[in-house]
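Novice: What follows is run06.cif, made up of mmCIF, C-alpha atoms and all ligand atoms:
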data_entry
#
loop_
_atom_site.label_atom_id
_atom_site.label_comp_id
_atom_site.auth_asym_id
_atom_site.auth_seq_id
_atom_site.Cartn_x
_atom_site.Cartn_y
_atom_site.Cartn_z
CA MET A 184 38.91 -13.12 -3.45
CA ALA A 185 40.47 -16.58 -3.45
CA ARG A 186 42.23 -17.86 -0.36
CA LEU A 187 45.84 -18.75 -1.13
CA SER A 188 48.37 -21.15 0.30
CA ALA A 189 51.96 -19.96 0.33
CA SER A 190 55.26 -21.63 1.13
CA ILE A 191 58.40 -19.74 2.02
CA LEU A 192 61.61 -21.50 1.01
CA THR A 193 64.46 -20.19 3.11
CA SER A 194 66.89 -21.22 5.81
CA ASP A 195 66.61 -17.78 7.45
CA ASP A 196 64.01 -17.66 10.24
CA LEU A 197 63.90 -13.86 10.19
CA PHE A 198 63.09 -13.88 6.49
CA ARG A 199 60.36 -16.47 7.11
CA ALA A 200 58.91 -14.43 9.98
CA ARG A 201 58.89 -11.18 7.98
CA LEU A 202 57.32 -12.81 4.93
CA SER A 203 54.70 -14.59 7.06
CA GLU A 204 53.80 -11.27 8.64
CA MET A 205 53.46 -9.55 5.27
CA LEU A 206 51.31 -12.38 3.93
CA ARG A 207 49.05 -12.25 7.00
CA MET A 208 48.62 -8.47 6.97
CA GLY A 209 47.60 -8.22 3.31
CA SER A 210 44.03 -8.15 2.07
CA VAL A 211 44.18 -11.67 0.56
CA ARG A 212 43.75 -14.53 3.03
CA VAL A 213 46.89 -16.67 2.92
CA SER A 214 47.67 -19.94 4.71
CA VAL A 215 51.40 -20.08 5.25
CA ILE A 216 52.71 -23.61 4.81
CA ASP A 217 55.77 -24.50 6.80
CA ASP A 218 58.21 -26.01 4.31
CA ARG A 219 59.74 -28.00 7.17
CA LEU A 220 56.56 -30.09 7.21
CA ALA A 221 57.31 -32.85 4.73
CA ARG A 222 54.44 -32.32 2.29
CA ALA A 223 55.10 -28.59 2.34
CA SER A 224 55.39 -26.59 -0.83
CA ALA A 225 53.98 -29.31 -3.05
CA GLY A 226 51.10 -27.63 -4.81
CA SER A 227 51.02 -24.36 -2.87
CA ASP A 228 49.54 -21.44 -4.81
CA VAL A 229 52.54 -19.21 -4.12
CA ALA A 230 56.14 -20.22 -3.44
CA ILE A 231 58.56 -17.56 -2.24
CA VAL A 232 62.19 -18.51 -2.81
CA ASP A 233 64.94 -16.79 -0.85
CA GLY A 234 67.82 -16.32 -3.28
CA ARG A 235 69.77 -13.68 -1.35
CA ARG A 236 72.64 -15.87 -0.21
CA ASP A 237 72.91 -18.43 -2.94
CA PRO A 238 71.30 -17.33 -6.22
CA ALA A 239 72.44 -20.45 -8.10
CA GLU A 240 70.75 -22.76 -5.59
CA ALA A 241 67.64 -20.57 -5.70
CA MET A 242 67.48 -20.96 -9.51
CA THR A 243 67.62 -24.75 -9.13
CA THR A 244 64.83 -24.59 -6.54
CA ILE A 245 62.69 -22.41 -8.83
CA GLU A 246 63.20 -24.82 -11.74
CA ARG A 247 62.22 -27.77 -9.54
CA LEU A 248 59.11 -25.98 -8.26
CA ARG A 249 58.09 -24.91 -11.75
CA ALA A 250 58.47 -28.47 -13.08
CA ALA A 251 56.39 -29.82 -10.17
CA SER A 252 53.67 -27.20 -10.39
CA PRO A 253 53.18 -25.37 -13.67
CA THR A 254 50.41 -23.16 -12.27
CA SER A 255 51.81 -21.90 -8.95
CA ALA A 256 53.12 -18.37 -8.68
CA ILE A 257 56.83 -18.35 -7.88
CA PHE A 258 58.38 -15.25 -6.32
CA ALA A 259 62.17 -14.90 -6.36
CA VAL A 260 63.75 -12.68 -3.72
CA ALA A 261 67.32 -11.49 -4.33
CA ALA A 262 69.86 -9.26 -2.61
CA GLU A 263 70.20 -7.05 -5.67
CA ALA A 264 68.39 -6.34 -8.90
CA SER A 265 71.00 -7.42 -11.39
CA PRO A 266 69.50 -7.69 -14.91
CA ASP A 267 71.29 -11.01 -15.35
CA LEU A 268 69.69 -12.46 -12.20
CA ILE A 269 66.23 -11.19 -13.17
CA LEU A 270 66.58 -12.89 -16.55
CA GLN A 271 67.83 -16.13 -14.99
CA SER A 272 64.99 -16.28 -12.50
CA MET A 273 62.38 -15.65 -15.19
CA ARG A 274 63.94 -18.37 -17.36
CA ALA A 275 63.92 -20.76 -14.38
CA GLY A 276 60.17 -20.14 -14.08
CA ALA A 277 59.67 -17.34 -11.53
CA ASN A 278 56.66 -15.07 -12.06
CA GLU A 279 57.86 -12.20 -9.88
CA PHE A 280 61.24 -10.85 -8.86
CA PHE A 281 61.82 -8.80 -5.68
CA VAL A 282 64.81 -7.17 -4.07
CA TRP A 283 65.25 -7.50 -0.32
CA PRO A 284 63.98 -5.72 1.77
CA LEU A 285 60.60 -6.10 0.14
CA GLN A 286 58.41 -3.11 -0.63
CA GLU A 287 54.97 -3.94 0.76
CA PRO A 288 52.82 -2.29 -1.95
CA ALA A 289 54.59 -4.14 -4.78
CA PHE A 290 54.52 -7.41 -2.85
CA ASN A 291 50.81 -7.07 -2.03
CA GLU A 292 50.03 -6.30 -5.66
CA ALA A 293 51.83 -9.49 -6.70
CA ILE A 294 49.83 -11.50 -4.15
CA GLY A 295 46.66 -9.88 -5.50
CA ARG A 296 47.64 -10.94 -9.03
CA ALA A 297 48.27 -14.51 -7.82
CA ALA A 298 44.84 -14.58 -6.13
CA SER A 299 43.11 -13.31 -9.29
CA ARG A 300 44.88 -15.97 -11.32
CA VAL A 301 43.80 -18.74 -8.94
CA GLN A 302 40.25 -17.44 -8.93
CA SER A 303 39.99 -17.32 -12.70
CA THR A 304 41.60 -20.70 -13.32
CA PRO A 305 38.92 -23.10 -14.58
CA GLY A 306 38.43 -26.07 -12.28
CA THR A 307 39.97 -24.21 -9.35
CA ARG A 308 39.85 -26.40 -6.28
CA ALA A 309 36.90 -25.86 -3.98
CA GLN A 310 37.36 -23.80 -0.85
CA ALA A 311 35.43 -24.21 2.33
CA TYR A 312 33.68 -21.44 4.15
CA VAL A 313 35.67 -21.27 7.40
CA LEU A 314 34.04 -20.07 10.62
CA MET A 315 36.07 -19.58 13.76
CA PHE A 316 34.40 -19.38 17.19
CA LEU A 317 36.51 -17.68 19.81
CA GLY A 318 35.48 -17.05 23.41
CA ALA A 319 36.23 -13.69 25.01
CA LYS A 320 36.74 -15.77 28.15
CA GLY A 321 36.02 -19.25 29.43
CA GLY A 322 32.45 -20.45 29.83
CA VAL A 323 30.72 -17.80 27.69
CA GLY A 324 29.09 -20.40 25.41
CA THR A 325 31.63 -20.70 22.58
CA THR A 326 31.23 -24.46 22.20
CA THR A 327 27.45 -24.25 22.54
CA LEU A 328 27.21 -21.79 19.65
CA ALA A 329 29.88 -23.53 17.53
CA VAL A 330 28.37 -27.04 17.63
CA ASN A 331 24.83 -25.81 17.06
CA CYS A 332 25.94 -23.59 14.21
CA ALA A 333 27.72 -26.56 12.60
CA VAL A 334 24.62 -28.76 12.84
CA ASP A 335 22.41 -26.01 11.47
CA LEU A 336 24.71 -25.23 8.56
CA ARG A 337 24.71 -28.87 7.58
CA ARG A 338 20.93 -29.14 8.01
CA HIS A 339 20.10 -26.10 5.91
CA SER A 340 22.72 -26.48 3.22
CA GLY A 341 23.15 -30.25 2.91
CA ARG A 342 26.83 -29.42 2.38
CA SER A 343 29.76 -31.28 3.86
CA THR A 344 30.57 -29.82 7.26
CA VAL A 345 33.30 -30.53 9.78
CA ILE A 346 33.76 -29.09 13.25
CA VAL A 347 37.26 -29.00 14.73
CA ASP A 348 37.85 -28.84 18.47
CA LEU A 349 41.00 -26.77 18.86
CA LYS A 350 40.72 -26.25 22.57
CA PRO A 351 43.75 -27.63 24.40
CA GLY A 352 43.12 -30.04 27.23
CA ILE A 353 39.76 -31.71 27.11
CA GLY A 354 37.52 -30.16 24.48
CA GLU A 355 33.77 -30.59 24.69
CA VAL A 356 32.68 -30.60 21.05
CA GLY A 357 32.26 -34.40 20.86
CA LEU A 358 30.59 -34.45 24.25
CA PHE A 359 28.04 -31.76 23.33
CA LEU A 360 27.14 -33.76 20.22
CA GLY A 361 26.98 -37.04 22.13
CA VAL A 362 29.74 -38.59 20.00
CA ARG A 363 32.74 -40.49 21.27
CA SER A 364 35.73 -40.38 18.93
CA ARG A 365 38.47 -42.91 18.47
CA TYR A 366 40.89 -40.31 17.18
CA SER A 367 41.54 -36.68 17.95
CA LEU A 368 43.00 -33.56 16.45
CA LEU A 369 46.37 -34.67 17.81
CA ASP A 370 46.37 -37.67 15.47
CA ALA A 371 46.01 -35.22 12.60
CA LEU A 372 48.68 -32.84 13.93
CA ASP A 373 51.17 -35.66 14.46
CA ASN A 374 50.69 -37.08 10.99
CA VAL A 375 50.64 -34.01 8.80
CA PRO A 376 53.20 -35.41 6.34
CA ARG A 377 50.87 -38.26 5.41
CA LEU A 378 47.53 -36.55 5.84
CA ASP A 379 45.31 -36.82 2.82
CA ALA A 380 41.56 -36.98 2.19
CA GLU A 381 41.36 -40.68 3.02
CA PHE A 382 43.33 -40.37 6.24
CA LEU A 383 41.23 -37.40 7.35
CA ARG A 384 38.07 -39.43 6.76
CA GLU A 385 39.44 -42.02 9.16
CA LEU A 386 40.15 -39.46 11.86
CA VAL A 387 36.75 -37.76 12.01
CA ALA A 388 33.78 -39.07 13.98
CA LYS A 389 30.30 -38.82 12.52
CA HIS A 390 27.31 -37.11 14.08
CA LYS A 391 23.88 -38.24 12.96
CA SER A 392 23.18 -34.81 11.49
CA GLY A 393 25.93 -35.50 8.96
CA VAL A 394 28.46 -33.21 10.65
CA ASP A 395 31.96 -34.68 10.92
CA ILE A 396 33.91 -34.03 14.11
CA LEU A 397 37.64 -33.74 14.54
CA SER A 398 37.60 -34.17 18.28
CA GLY A 399 39.59 -32.28 20.82
CA SER A 400 42.89 -33.20 22.32
CA ASP A 401 43.02 -35.19 25.54
CA GLN A 402 46.40 -33.70 26.53
CA PHE A 403 46.49 -30.56 28.63
CA ASP A 404 49.54 -29.07 26.95
CA ARG A 405 48.46 -29.68 23.37
CA PRO A 406 47.90 -28.23 20.91
CA GLY A 407 50.74 -26.00 22.05
CA VAL A 408 53.03 -23.36 20.63
CA ASN A 409 54.92 -25.87 18.49
CA ASP A 410 51.74 -27.08 16.82
CA GLY A 411 51.03 -23.79 14.99
CA PRO A 412 52.26 -24.83 11.52
CA ALA A 413 50.56 -28.24 11.75
CA VAL A 414 47.26 -26.64 12.85
CA GLU A 415 47.45 -24.31 9.86
CA GLU A 416 48.10 -27.23 7.52
CA VAL A 417 45.24 -29.33 8.97
CA ILE A 418 42.83 -26.43 8.47
CA ARG A 419 44.06 -25.99 4.92
CA LEU A 420 43.55 -29.68 4.17
CA LEU A 421 40.08 -29.69 5.75
CA SER A 422 39.20 -26.62 3.70
CA ALA A 423 39.95 -28.57 0.56
CA GLN A 424 37.73 -31.48 1.65
CA TYR A 425 34.67 -29.79 3.15
CA ASP A 426 32.27 -26.99 2.27
CA PHE A 427 32.04 -25.69 5.84
CA VAL A 428 34.84 -25.84 8.40
CA ILE A 429 33.76 -24.73 11.89
CA ILE A 430 36.49 -24.22 14.46
CA ASP A 431 35.97 -24.08 18.20
CA ALA A 432 39.15 -22.21 19.12
CA GLY A 433 38.49 -21.93 22.85
CA THR A 434 39.61 -18.69 24.45
CA GLN A 435 43.29 -18.34 23.76
CA LEU A 436 45.00 -16.44 20.99
CA THR A 437 48.39 -18.09 21.12
CA ALA A 438 50.69 -19.35 18.37
CA PHE A 439 48.73 -22.52 17.63
CA ASN A 440 45.30 -21.02 17.33
CA THR A 441 46.05 -17.86 15.46
CA ALA A 442 46.12 -20.05 12.32
CA PRO A 443 42.32 -20.12 12.02
CA LEU A 444 42.24 -16.33 12.27
CA TYR A 445 43.94 -16.14 8.90
CA ALA A 446 41.85 -18.86 7.30
CA ALA A 447 38.49 -17.74 8.68
CA ASP A 448 35.89 -16.07 6.50
CA ALA A 449 34.16 -15.05 9.72
CA ILE A 450 35.50 -14.87 13.27
CA CYS A 451 32.68 -15.22 15.79
CA LEU A 452 33.81 -13.61 19.03
CA VAL A 453 31.53 -14.87 21.79
CA ALA A 454 30.99 -12.75 24.91
CA ASN A 455 28.51 -12.39 27.75
CA PRO A 456 27.17 -8.97 28.76
CA ASP A 457 29.36 -8.72 31.86
CA VAL A 458 32.36 -6.62 32.75
CA ALA A 459 34.96 -9.39 32.55
CA SER A 460 33.73 -10.54 29.16
CA ILE A 461 33.66 -7.04 27.71
CA ARG A 462 37.09 -6.15 29.06
CA ASN A 463 38.50 -9.36 27.54
CA SER A 464 36.70 -8.69 24.27
CA GLN A 465 38.44 -5.32 24.08
CA ARG A 466 41.80 -7.06 24.41
CA VAL A 467 40.97 -9.82 21.97
CA LEU A 468 39.74 -7.32 19.37
CA GLU A 469 42.93 -5.32 19.79
CA ARG A 470 45.04 -8.48 19.44
CA ILE A 471 43.19 -9.53 16.29
CA ARG A 472 43.80 -6.07 14.83
CA GLN A 473 47.53 -6.41 15.58
CA LEU A 474 47.66 -9.85 14.00
CA GLY A 475 46.20 -8.64 10.75
CA PRO A 476 42.71 -9.96 9.97
CA SER A 477 40.40 -7.15 9.01
CA PRO A 478 37.81 -6.27 11.71
CA ASP A 479 34.98 -6.60 9.19
CA ARG A 480 35.41 -10.37 9.45
CA ILE A 481 34.62 -10.28 13.18
CA ARG A 482 31.06 -11.05 14.33
CA LEU A 483 30.50 -10.17 17.96
CA LEU A 484 27.97 -12.60 19.45
CA LEU A 485 26.47 -11.67 22.79
CA ASN A 486 25.38 -14.87 24.53
CA ARG A 487 23.23 -15.12 27.65
CA ALA A 488 21.96 -11.66 26.90
CA ALA A 489 18.78 -11.01 28.82
CA GLU A 490 16.98 -7.95 30.17
CA PRO A 491 17.93 -6.27 32.39
CA TYR A 492 21.40 -6.17 30.86
CA PRO A 493 24.23 -5.76 33.40
CA ILE A 494 25.76 -3.49 30.74
CA PRO A 495 23.45 -2.01 28.06
CA PRO A 496 24.26 -3.18 24.49
CA ALA A 497 24.87 0.39 23.28
CA GLN A 498 27.47 0.82 26.00
CA ILE A 499 29.12 -2.48 25.04
CA GLU A 500 29.34 -1.41 21.41
CA ALA A 501 30.78 1.96 22.38
CA ALA A 502 33.36 0.37 24.66
CA LEU A 503 34.44 -2.12 22.02
CA GLY A 504 34.17 0.11 18.98
CA HIS A 505 32.53 -2.85 17.30
CA PRO A 506 28.87 -3.63 16.58
CA ILE A 507 27.07 -6.56 18.22
CA HIS A 508 26.19 -8.93 15.40
CA GLN A 509 23.60 -10.92 17.33
CA HIS A 510 22.14 -11.55 20.76
CA PHE A 511 21.32 -14.99 22.19
CA PRO A 512 18.97 -15.33 25.13
CA SER A 513 19.87 -16.75 28.49
CA ASP A 514 18.13 -20.10 28.68
CA TYR A 515 20.07 -22.45 30.88
CA ARG A 516 17.38 -25.13 31.01
CA THR A 517 17.12 -25.54 27.23
CA VAL A 518 20.88 -25.36 26.66
CA ALA A 519 21.71 -27.76 29.49
CA MET A 520 19.06 -30.24 28.33
CA ALA A 521 20.49 -30.17 24.81
CA ILE A 522 24.03 -30.71 26.10
CA ASN A 523 23.04 -33.48 28.50
CA SER A 524 21.12 -35.36 25.84
CA GLY A 525 23.70 -34.76 23.10
CA VAL A 526 20.92 -33.39 20.89
CA PRO A 527 21.72 -30.04 19.27
CA LEU A 528 19.42 -27.16 20.19
CA THR A 529 18.11 -26.69 16.70
CA LEU A 530 16.99 -30.32 16.57
CA ALA A 531 15.41 -30.19 20.01
CA GLY A 532 12.42 -27.93 19.54
CA ASN A 533 11.48 -24.37 18.87
CA SER A 534 13.15 -22.46 21.68
CA ASP A 535 14.10 -18.81 21.30
CA MET A 536 17.71 -20.00 21.44
CA ALA A 537 17.07 -22.29 18.44
CA VAL A 538 15.47 -19.41 16.54
CA GLN A 539 18.49 -17.18 17.14
CA LEU A 540 20.89 -19.96 16.12
CA GLU A 541 18.98 -20.44 12.93
CA ARG A 542 19.21 -16.72 12.24
CA LEU A 543 22.95 -16.85 12.79
CA THR A 544 23.56 -19.77 10.48
CA ARG A 545 21.28 -18.50 7.72
CA ALA A 546 23.54 -15.48 7.44
CA PHE A 547 26.45 -17.81 6.66
CA LEU A 548 24.60 -19.71 3.98
CA PRO A 549 24.56 -18.80 0.33
CA SER A 550 21.45 -16.85 -0.59
CA ALA A 551 19.74 -19.94 -1.99
CA THR A 552 19.45 -22.27 0.95
CA GLU A 553 18.01 -25.27 -0.82
CA PRO A 554 19.81 -28.44 0.23
CA ASP A 555 22.37 -29.80 -2.17
CA THR A 556 20.54 -32.81 -3.58
CA SER A 557 22.35 -32.87 -6.90
CA GLY A 558 25.00 -35.33 -5.77
CA ALA A 559 27.27 -33.39 -8.09
CA PRO A 560 30.97 -33.05 -7.37
CA ARG A 561 31.99 -30.23 -5.06
CA ARG A 562 31.53 -26.74 -6.35
CA SER A 563 33.84 -23.87 -6.96
CA SER A 564 33.34 -21.10 -4.40
CA SER A 565 31.55 -18.87 -6.87
CA VAL A 566 28.85 -21.50 -7.48
CA LEU A 567 27.97 -21.46 -3.80
CA GLY A 568 27.84 -17.70 -3.90
CA PHE A 569 30.34 -17.22 -1.07
CA ASP A 570 32.02 -14.37 -2.88
CA ARG A 571 28.76 -12.51 -3.03
CA LEU A 572 28.04 -13.40 0.58
CA ALA A 573 31.39 -12.02 1.68
CA SER A 574 30.70 -8.75 -0.07
CA LEU A 575 27.46 -8.39 1.87
CA TRP A 576 29.32 -8.21 5.18
N1 LIG A 601 22.50 -18.98 26.08
C1 LIG A 601 22.75 -19.68 27.19
N2 LIG A 601 21.92 -19.63 28.24
C2 LIG A 601 22.16 -20.33 29.36
N3 LIG A 601 23.22 -21.11 29.53
C3 LIG A 601 24.10 -21.19 28.53
C4 LIG A 601 23.91 -20.50 27.30
N4 LIG A 601 24.95 -20.79 26.49
C5 LIG A 601 25.74 -21.63 27.17
N5 LIG A 601 25.24 -21.88 28.39
C6 LIG A 601 25.82 -22.71 29.45
O1 LIG A 601 27.08 -22.17 29.79
C7 LIG A 601 27.97 -23.21 30.11
C8 LIG A 601 29.22 -23.05 29.27
O2 LIG A 601 28.92 -23.25 27.90
P1 LIG A 601 30.03 -23.70 26.87
O3 LIG A 601 30.71 -24.93 27.33
O4 LIG A 601 29.42 -23.68 25.53
O5 LIG A 601 31.02 -22.46 27.03
P2 LIG A 601 32.51 -22.32 26.51
O6 LIG A 601 32.73 -20.87 26.31
O7 LIG A 601 32.74 -23.21 25.35
O8 LIG A 601 33.32 -22.84 27.77
P3 LIG A 601 34.86 -23.29 27.86
O9 LIG A 601 35.63 -22.03 28.06
O10 LIG A 601 34.89 -24.19 29.05
O11 LIG A 601 35.21 -23.99 26.59
C9 LIG A 601 27.25 -24.51 29.84
O12 LIG A 601 26.81 -25.02 31.06
C10 LIG A 601 26.08 -24.13 28.98
O13 LIG A 601 24.99 -24.94 29.24
MG MG A 602 34.18 -24.68 25.05
#
What's the structure tokens form of this structure?
Ligand SMILES: Nc1ncnc2c1ncn2[C@@H]1O[C@H](COP(=O)(O)OP(=O)(O)OP(=O)(O)O)[C@@H](O)[C@H]1O
Ligand SMILES: [Mg+2]

Specialist:
Amino acid sequence: MARLSASILTSDDLFRARLSEMLRMGSVRVSVIDDRLARASAGSDVAIVDGRRDPAEAMTTIERLRAASPTSAIFAVAAEASPDLILQSMRAGANEFFVWPLQEPAFNEAIGRAASRVQSTPGTRAQAYVLMFLGAKGGVGTTTLAVNCAVDLRRHSGRSTVIVDLKPGIGEVGLFLGVRSRYSLLDALDNVPRLDAEFLRELVAKHKSGVDILSGSDQFDRPGVNDGPAVEEVIRLLSAQYDFVIIDAGTQLTAFNTAPLYAADAICLVANPDVASIRNSQRVLERIRQLGPSPDRIRLLLNRAAEPYPIPPAQIEAALGHPIHQHFPSDYRTVAMAINSGVPLTLAGNSDMAVQLERLTRAFLPSATEPDTSGAPRRSSSVLGFDRLASLW
């Protein structure tokens, strides 16, 4: 199913919050664009217009949106279902009409219709495969797995790949790859209104494997709670530019880094086989369930897993109510050498760790893993076979 972008046009924060929640909890993945960010609703797949207080103004907004974007789905929301208003909104260009409060089944069906339309539109813009790495707690190996996965995906697919360091404070993604960046994620977050493909190209640093890096912040309090909408927009823009977007989200699930949860095709939850890690994993899994993304997108990765296990894997799975997707050995020497030299594990020899990383990344690749040597323009998602891949999980 296509991933949608949606803008909510209202001056009522409660309306915005309720709509955002409904969009997040549905089965279609939706990036919610904050219309207070200047570039906002331009070109979003779905625009939801609040016409409860001022229907006449809402009709003008719908007409403007329709003129600007003939293909987006426009939903009008009104205080009452007057036949006159329904007719007016359809004439202005709305595709759907709802009465407040919204009925979830009807709303979700309309979102499903919008997603099917986007998917079947010829020349639909490409969508990246988005992978989020989230640590159950600090130091479990989230960055190690994220950077190596990014390098391996690029190596095996030949596709454009970017890794984003979303950890607040001083992120280590650039360091692990031995790359010093001039710009950071904060430059992207602070310039969302003028971010475009060219600007993004300026902000990323290049690793010799071909992976682009949007380096981490160097401020301890950023990204912070106020950066949520900008983070969501940056991920959406990167998804339109790259084939793979890998996100090192650190360990927190706060307002600014829940955005990748909604965009991610797979959420890799990294844990160690110890009590603290497993207890935190329980909480993180519960929090993800509350926030909406379906648990079948979560891949539990057990890092530094070596016999004898402090807690047996079967017991971990029972405690979490979630299967372990993959184990990674404990091999401090190999991992530390790779980090210290800035050479990714998979490029630094045939360790067991490298073998497991390769296994992980192959599962995220389309079934045909031949490199993309065609030089052809970027593909639609179905050409890469991501839809089929998703259905395998
Ligand atoms: N499989 C492994 N075997 C041995 N050591 C490992 C393994 N994976 C990671 N490490 C080591 O664990 C330490 C932490 O790794 P890393 O920085 O990737 O964790 P993190 O979860 O991203 O930490 P942070 O919470 O600080 O962001 C590093 O010293 C790394 O070398
Ligand atoms: Mg880290």

Novice: Which polymer residues, protein or nucleic acid, are no farther than 7 Å from (24.2, -10.1, 26.7), counting only C-alpha atoms, as a list of chain:residue names?

Specialist: A:Asn455, A:Pro456, A:Leu485, A:Asn486, A:Arg487, A:Ala488, A:Ala489, A:Tyr492, A:His510

Novice: Show me which residues line ligand MG 602 (chain A), defined as having an atom within 9 Å of a ligand atom where all atoms listed in the file count, and present them as a list in words.

Specialist: Gly318, Gly321, Gly322, Val323, Gly324, Thr325, Thr326, Thr327, Ala329, Asp348, Lys350, Gly354, Glu355, Val356, Asp431, Ala432, Gly433 and Thr434 of chain A

Novice: Could you check how far CA of Ile461 (chain A) sits from CA of Ser477 (chain A), in Å to one decimal?

Specialist: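 Separation of CA of Ile461 (chain A) and CA of Ser477 (chain A): 19.9 Å.
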
Novice: May I have the residues within 9 Å of Pro443 (chain A) as a ChimeraX atom specification, using all atoms listed in the file and disregarding those fewer than 5 positions away in the same chain?

Specialist: /A:313-315,414-415,418,430,432,450

Novice: Please define a box with edges along x, y and z of the file around all atoms of ligand LIG 601 (chain A) given in the file, extend it by 8 Å on each side, and return its centre and edge lengths in Å to one decimal, as lines of an AutoDock Vina configuration file.

Specialist:
center_x = 28.8
center_y = -22.0
center_z = 28.2
size_x = 29.7
size_y = 22.0
size_z = 21.7

Novice: List the neighbours of Ile346 (chain A) out to 6 Å using all atoms listed in the file; skip same-chain residues closer than 2 positions along the sequence, and give me the result as a ChimeraX atom specification.

Specialist: /A:396,428-430

Novice: As an exercise, work out the distance from CA of Ile216 (chain A) to CA of Gln271 (chain A) in Å and give it to one decimal place.

Specialist: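 Here the two named atoms are 26.0 Å from each other.
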
Novice: I need the residue nearest Met273 (chain A) from this list: A:Phe258, A:Arg405, A:Ser190, A:Arg462. Use all atoms listed in the file for the distance.

Specialist: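 Closest to Met273 (chain A) of all the choices is A:Phe258.
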
Novice: When distances are computed from all atoms listed in the file, which of A:Thr544, A:Ser252, A:Asn523, A:Ser513 shows the smallest separation from ligand LIG 601 (chain A)?

Specialist: A:Ser513
